[in-house]
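This report concerns only the one structure given below.
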Amino acid sequence: MTIERFISNTLLALTLLAFCLQFFIDFSTDNIGVNCILLTSVLTTLLYFRWSKALDSHPLSSFAVIGFCVTSQLGALFAQSFSWVSVSDNLRQPLVTFSLLAMYQAIALVCHALYRILISTSATNSNKSGLFRSMLDALGVYATPSVINIWIMGGIGLFSLLLSYVSPVANGLSFLAWTPFLIPLYVQQLGSTYCNAKRNYLFLVAYSALVALMAMAFNARGMMLTGLATVSLLFLLVGMRSHKAITAPMLLKFGMIGLLGAALSWPASNMVTAMVIARKDKFKVPLTQMVTKTIDNFLDPEKLAEYNKQVIVKELRSSYDETYVANPMVARFVITKFHDNAIYFSGKISDKGSDEVWRVSQDFFWATLPQPWLDALKIDVDKDKMYFSMGDVLVNLAVGQPLGGEKTGSIFGQGWVMFGNFFPVIYFFMCLVLFAVIDIFSTRTATGITMLSVIGMLNVWPNFLFGITADSLHHLFNSAVRGVAQSAILYAIVFATAKGLSNLYLRLSHNQHNINSVPIVEN
């Protein structure tokens, strides 16, 4: 049995197990109906990638489709079933939500199959790689960086991460902070010739500890989780594409990793909660004190339990809540509740409210442009007054809650308000564009193997979450249009800088070695 077939069999078996468990958890008509919809949608998705070569030929767009399935449906089924909770529990309209999500999942699958046919036909009729791909190749986007280059880019990214709140350029560079987490993948692909694995793994452990301390100091939960999520998803993607035969030691290793992940999920969730509790002191106390407060919170089970109880009580009294998966760590992989909220509130918006959604959406689209462009075009959009999300807008127009809070929305709720029954058709063509954009950061070698660029690998986590969906249409548009060019240009600049610095370091090291090796001549 190959690794990819083992992963596929495991996912299929766990899906069927989770499906069966729901019959014992909640045998109500609604829950069983939801359960059957989930099973059909998830099995269709898993079998499409099992029986096709999509993950081999188009890994990034394929993984985005799998990500949509996991974050909206499969993750909900697993998280709730294995926590002994009804999958329809805490959702406003589970049948409607899961039916629509299954429909959009089916649209994405059909679109992906058509996209692969179109791309394959285009590649057969032309031996050229295209202008944009040629430009990216010339910029070094598809090159494999040396381990020295990776550490330099990681250092630049980490420094940019610290400045990301005050500088748009630094924010654009911050994704490079996770570059060192690609080292295990390159070691696995290229072997011991790539670098001294043991030494670089020790550096990576120290780097991870530094990132964790920075995350606590700056109270940035995403900073702590992104690196781990990126490397975990990358190894999952590699495994789902691997045709190597699985061995007993591999099975033991997979089992150990699975048990370790399960064991660490609750401590990690408690750390996330501890950081949320410490947030009230953010920017008010020294950074070292923020670390101390976070650790103290983490070591106080009563404080954690009291905070969780307060959150539940608060959300029960509110017309809006985001409670679904109990484990905060797992909840970051399951965004079903956000889709459910957006779809529910979008159904309560009047025709007048629909016009307002159109107006706000247009302002959001214009706001994706840099301010100098807006000034030159004389477009009256004040970015300083747009500190709210599309989720805020939908809830405000539906039930009158004030704007603010940055509630997570969904393009499926927004799309319904703006385009009604035509949005599924629009989404189909959106997916065609999104797949092409996502796959631009992978390249096919002369031997026919599709390789992932550094940018493609670093974006595997955001693409898994929001590759073919997002909390709003303008965010999807921004990542597809502006994000690609911005990432490529910034990466090319940093990569060139890293190569220059690494070459200088190697030259100086070589000169120093020559000086030290000159024999002493006695007069």
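Residues in the structure tokens are named by chain (A, B, ... in the order shown) and by number from 1 within that chain; ligands are numbered from 1 in the order shown.
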Item to check | Contacts of segment 137-151 of chain A within 10 Å, only C-alpha atoms, excl. fewer than 6 positions in-chain, as a count of residues only | outcome: 48
Checklist entry - Hey, what's within 9 Å of Thr15 of chain A if we count only C-alpha atoms and toss same-chain stuff fewer than 4 positions away? As a list of chain:residue names, please? => result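 The contact residues come out as A:Thr10, A:Leu11, A:Phe19, A:Cys20, A:Leu39, A:Val42, A:Leu43, A:Leu74, A:Leu77, A:Phe78.
Summary of the local environment: counting only C-alpha atoms, residues at most 8 Å from Val211 of chain A, other than itself and those fewer than 4 positions away along its chain, are Tyr207, Ala215, Met223 and Met224 of chain A.
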What would the file look like if the residues just selected were written as a PDB file, in the first residue's frame with N, CA and C atoms?
ATOM      1  N   TYR A 207      14.294  28.483  17.024  1.00  0.00           N
ATOM      2  CA  TYR A 207      13.526  29.497  16.290  1.00  0.00           C
ATOM      3  C   TYR A 207      12.044  29.418  16.669  1.00  0.00           C
ATOM      4  N   ALA A 215       5.096  35.614  20.188  1.00  0.00           N
ATOM      5  CA  ALA A 215       3.635  35.555  20.095  1.00  0.00           C
ATOM      6  C   ALA A 215       2.990  35.913  21.429  1.00  0.00           C
ATOM      7  N   MET A 223       0.485  34.118  15.187  1.00  0.00           N
ATOM      8  CA  MET A 223       1.940  33.985  15.080  1.00  0.00           C
ATOM      9  C   MET A 223       2.402  32.658  15.658  1.00  0.00           C
ATOM     10  N   MET A 224       1.765  32.206  16.722  1.00  0.00           N
ATOM     11  CA  MET A 224       2.182  30.975  17.382  1.00  0.00           C
ATOM     12  C   MET A 224       1.771  29.748  16.579  1.00  0.00           C
TER      13      MET A 224
END
Checklist entry - Quick one: of A:Ala209, A:Leu234, A:Ala262, A:Val381, who's nearest to Ala367 of chain A, counting only C-alpha atoms? => result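 Smallest distance to Ala367 of chain A is found for A:Val381.
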Next on the checklist: Give me the residues near Ile66 of chain A as a list in words, where near means some atom within 9 Å (using only C-alpha atoms) and where sequence neighbours in that chain fewer than 6 positions away do not count.
Outcome noted: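 Once the adjacent positions are removed, what remains is Thr45, Leu46, Phe49 and Phe464 of chain A.
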Next on the checklist: as a PyMOL selection string, please: every residue in segment 55-276 of chain A that a backbone DSSP assignment puts in alpha helix (DSSP H).
Outcome noted: chain A and resi 55-57+59-69+75-81+94-125+131-138+147-163+168-173+183-190+197-218+221-241+248-276
Checklist entry - Can you tell me, as a list in words, what residues are no more than 10 Å from Leu225 of chain A when counting only C-alpha atoms, ignoring any on the same chain fewer than 3 positions away? => result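 The contact residues come out as Val211, Ala212, Ala215, Ala220, Arg221, Gly222, Leu228, Ala229, Thr230, Ala268, Val272, Met329 and Arg332 of chain A.
Our summary of the geometry notes that atom CA of Val417 of chain A is positioned 18.9 Å from atom CA of Thr336 of chain A.
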Item to check | Which of A:Ala331, A:Met103, A:Gly409, A:Thr97 sits closest to Phe423 of chain A [using only C-alpha atoms] | outcome: A:Met103
